[in-house]
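One structure is given here, and the rest of the page talks about it.
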Amino acid sequence: MMKKKNCLTLLLALAMAFSLAACGGSDDAGTSSGTSSESSTADSSAGSATTSEDTSYEDALACYEELSALTDDEERLEAFIEAQAELNYDGNTDEFLVTPASSLVDGFSDAVLALDEYGVGLSDETSYGYFVVIRLPVADEDIAAIDEDDIEDIKDEYISDRFNARLSEVLSAAEVERSDLLDEVDYLALFEKLETLQADLDEVDSSLTTEDEAEADADESGTTAEVDTVTNEELEEALLAVVPEAFLEDATAYLTDGVLTNDTVVLTVDGVEVPACTYLYFLCYNETYYSSMYTYYYGSFDVTEAYSDDMTYADVFASMSESYSTQYAAVQAMAEAEGVAPSEEDVAGLTETLDGMNLSDMAYVGCNRVGLESTYTYTLYGDALQTYLYGEGGSEELTDEDAVDYALENGYYYNCRYILFASSALMGS
């Protein structure tokens with residue numbers, strides 16, 4: 001097991017299986033007429049020998065042009081069904097409902113979503129070849145079968161869209177005051193201190209194994225290895241030993257060499273003050289995230305490198321932090337304008353979350369507990385305001401019907417048929 005505390009590594013999983021699931025929907029995707037699970041390609045495999053001439057594009061283009069020339073919807077659908085039965089490489093003749101859970105080959109979804117109902121389209125080249133597609137209406141029985149979990153997920157996204165639109169309006173008119181002290185921070189020195197601290201914490205963490213970690217490793221491997229373990233309390237004590245005392249006292253002052261302190265007001269947005277510890281949280285979080293991502297993919301990352309002609313990556317992270325801080329303060333201002341504040345239960349939940357973290361965790365985002373508590377409080381205002389506006393009894397309460405309408409309008413669900421003109425590589429011919 002790779003141990004690296006708070007390492008924000010991106011893991012990519014790639015699964016390839018030629019079936020309808022790979023092209024446009026799994027067996028549980030909610031097909032309206034029963035997605036075919038059998039295919040004439042069951043014994044085919046991508047990457048086989050190719051012929052000297054691949055006519056899949058020309059064949060797909062000819063089919064598309066013939067179908068799109070038909071102006072009557074019913075006539076076009078009838079002709080499509082006939083062509084599907086005759087030409088579709090995998091033999092599928094069904095229509096199927098695509099849902100958020102569907103796994104789509106790149107290019108397929110774009111081709112369908114670009115169409116109006118009964119419109120015919122031709123996909124760009126995909127890993128399987130070219131798809132001629134037709135978009136169809138979503139039937140009432142399909143809508144009735146939409147899963148309750150999907151409904152709640154759609155509501156969440158709908159709320160997010162509406163809330164962000166409201167926030168954008170507020171930000172466009174917000175009165176923002178910015179402290180000149182932000183220009184006095186040596187960001188390169190700050191990131192150097194942060195990376196040194198993270199390296200020290202990683203060294204301790206990688207050298208010690210807790211009892212919980214050893215048990216998890218044994219469950220994963222199926223074998224029990226004899227390793228020396230420490231308790232969680234002993235690990236925390238060892239980690240805290242490498243965190244400078246000055247950081248524990250005032251993380252912001254330590255990282256900025258005293259230019260800022262935890263409670264220095266660096267931004268004021270519509271009367272809501274942003275303390276420097278919150279600004280440092282966003283600054284350090286983004287630097288840690290991008291540093292980990294770039295190191296994972298490219299082997300290294302240098303925050304001093306040029307992002308553009310007049311900006312380094314350090315400048316970019318500072319700009320991002322200012323933007324995020326402004327947005328979160330604007331959310332609090334919006335909530336206060338509506339008379340909304342976090343509930344006692346929400347505050348208690350935040351306290352419980354912070355109690356479950358140690359200072360070495362917080363050091364990864366340039367904060368001690370004061371900094372994290374200040375930053376996380378902003379999220380409580382956002383949650384409380386969304387519940388107030390869009391929750392049960394709210395002035396803009398969303399119903400299940402609202403969610404379904406939103407899903408259909410935004411292409412979450414659509415019926416379609418396809419004709420696959422497979423590339424010679426896929427056919428293996």
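Scheme for the structure tokens: letters A, B, ... for chains in order shown; per-chain residue numbers from 1; ligand numbers from 1 in order shown.
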
(request) Can you pull out every residue within 10 Å of Asp250 in chain A, counting only C-alpha atoms, but drop anything in the same chain fewer than 2 positions away, and send it as a PyMOL selection string? (result) chain A and resi 245-248+252-255+258+260-263+277+367-371

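The space separating CA of Ala330 in chain A from CA of Leu167 in chain A comes to 7.5 Å.
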
When you look at Tyr281 in chain A with a cut-off of 12 Å (counting only C-alpha atoms), what residues show up, excluding the ones that are within fewer than 4 positions of it in the same chain? I need them as a compact mmCIF listing (two decimals) with N, CA and C atoms, in the first residue's frame.
```txt
# COMPACT_ATOMS: atom_id res chain seq x y z
N LEU A 194 5.71 25.55 3.02
CA LEU A 194 4.62 24.57 3.02
C LEU A 194 5.12 23.22 2.53
N ALA A 251 -0.66 29.79 12.12
CA ALA A 251 -0.19 29.21 10.87
C ALA A 251 0.04 30.28 9.81
N THR A 252 -0.85 31.25 9.73
CA THR A 252 -0.74 32.28 8.70
C THR A 252 0.49 33.14 8.92
N LEU A 255 3.64 31.13 7.86
CA LEU A 255 3.85 30.94 6.42
C LEU A 255 4.11 32.25 5.67
N ASN A 262 -3.57 35.01 11.39
CA ASN A 262 -4.81 34.27 11.15
C ASN A 262 -6.01 35.19 10.98
N VAL A 274 -13.19 38.59 5.32
CA VAL A 274 -12.48 37.34 5.07
C VAL A 274 -11.15 37.39 5.81
N PRO A 275 -10.94 36.52 6.79
CA PRO A 275 -9.66 36.51 7.50
C PRO A 275 -8.57 35.85 6.66
N ALA A 276 -7.33 36.19 6.94
CA ALA A 276 -6.21 35.68 6.15
C ALA A 276 -6.10 34.16 6.24
N CYS A 277 -6.52 33.56 7.37
CA CYS A 277 -6.42 32.11 7.49
C CYS A 277 -7.28 31.41 6.45
N TYR A 285 -4.42 24.82 -0.38
CA TYR A 285 -5.13 23.66 -0.91
C TYR A 285 -4.87 23.52 -2.40
N ASN A 286 -5.01 24.61 -3.15
CA ASN A 286 -4.81 24.54 -4.59
C ASN A 286 -3.37 24.21 -4.96
N GLU A 287 -2.42 24.77 -4.24
CA GLU A 287 -1.01 24.46 -4.52
C GLU A 287 -0.74 22.99 -4.26
N THR A 288 -1.26 22.45 -3.15
CA THR A 288 -1.05 21.04 -2.82
C THR A 288 -1.71 20.14 -3.86
N TYR A 289 -2.91 20.49 -4.27
CA TYR A 289 -3.63 19.67 -5.24
C TYR A 289 -2.89 19.63 -6.58
N PHE A 317 -2.18 30.66 -8.23
CA PHE A 317 -2.79 30.17 -6.99
C PHE A 317 -3.26 31.32 -6.12
N ALA A 318 -2.52 32.42 -6.10
CA ALA A 318 -2.94 33.59 -5.33
C ALA A 318 -4.24 34.16 -5.90
N MET A 320 -6.51 32.48 -7.64
CA MET A 320 -7.58 31.52 -7.36
C MET A 320 -8.07 31.67 -5.92
N SER A 321 -7.15 31.84 -5.01
CA SER A 321 -7.52 31.97 -3.60
C SER A 321 -8.38 33.20 -3.37
N GLU A 322 -8.00 34.29 -4.01
CA GLU A 322 -8.78 35.52 -3.86
C GLU A 322 -10.19 35.33 -4.42
N TYR A 324 -11.91 32.41 -4.77
CA TYR A 324 -12.68 31.51 -3.91
C TYR A 324 -13.11 32.21 -2.63
N SER A 325 -12.20 32.96 -2.03
CA SER A 325 -12.52 33.66 -0.78
C SER A 325 -13.66 34.64 -1.00
N MET A 362 -4.27 19.39 9.19
CA MET A 362 -4.53 20.78 8.88
C MET A 362 -3.32 21.45 8.25
N ALA A 363 -2.12 21.00 8.63
CA ALA A 363 -0.91 21.62 8.09
C ALA A 363 -0.82 21.47 6.58
N TYR A 364 -1.47 20.44 6.05
CA TYR A 364 -1.41 20.24 4.61
C TYR A 364 -2.12 21.32 3.83
N VAL A 365 -3.03 22.03 4.46
CA VAL A 365 -3.72 23.13 3.78
C VAL A 365 -3.39 24.46 4.44
N GLY A 366 -2.24 24.53 5.07
CA GLY A 366 -1.76 25.79 5.61
C GLY A 366 -2.57 26.36 6.74
N CYS A 367 -3.24 25.50 7.51
CA CYS A 367 -4.13 25.99 8.57
C CYS A 367 -3.87 25.27 9.89
N ASN A 368 -4.13 25.96 10.98
CA ASN A 368 -4.36 25.27 12.24
C ASN A 368 -5.88 25.25 12.45
N ARG A 369 -6.32 24.87 13.61
CA ARG A 369 -7.77 24.69 13.80
C ARG A 369 -8.53 25.99 13.59
N VAL A 370 -7.96 27.10 14.00
CA VAL A 370 -8.63 28.39 13.83
C VAL A 370 -8.93 28.64 12.35
N GLY A 371 -7.95 28.33 11.50
CA GLY A 371 -8.11 28.57 10.08
C GLY A 371 -9.18 27.70 9.46
N LEU A 372 -9.15 26.42 9.81
CA LEU A 372 -10.14 25.51 9.23
C LEU A 372 -11.55 25.83 9.72
N GLU A 373 -11.68 26.16 10.98
CA GLU A 373 -13.02 26.46 11.51
C GLU A 373 -13.60 27.68 10.82
N SER A 374 -12.76 28.69 10.59
CA SER A 374 -13.22 29.89 9.90
C SER A 374 -13.65 29.57 8.48
N THR A 375 -12.85 28.76 7.78
CA THR A 375 -13.14 28.44 6.38
C THR A 375 -14.38 27.57 6.24
N TYR A 376 -14.47 26.52 7.04
CA TYR A 376 -15.59 25.60 6.94
C TYR A 376 -16.92 26.26 7.31
```

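Near Gly121 in chain A, within 10 Å and counting only C-alpha atoms, sit Leu61, Tyr64, Glu65, Leu67, Ser68, Asp110, Ala111, Val112, Leu113, Ala114, Leu115, Phe131, Val132, Val133, Ile134, Arg135 and Tyr418 of chain A, not including residues fewer than 6 positions from it in the same chain.
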
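If you look at CA of Thr387 in chain A and CA of Ala341 in chain A, they are 11.0 Å away from each other.
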
(request) Could you give me, as an MDAnalysis selection string, each residue of range 298-368 of chain A that DSSP assigns to alpha helix (DSSP H) when run on this structure's backbone? (result) chainID A and resid 298 313:337 344:355 359:363

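Proximity ranking of A:Gln84, A:Asn410, A:Thr351, A:Thr210 relative to Glu236 in chain A places A:Thr210 first, based on only C-alpha atoms.
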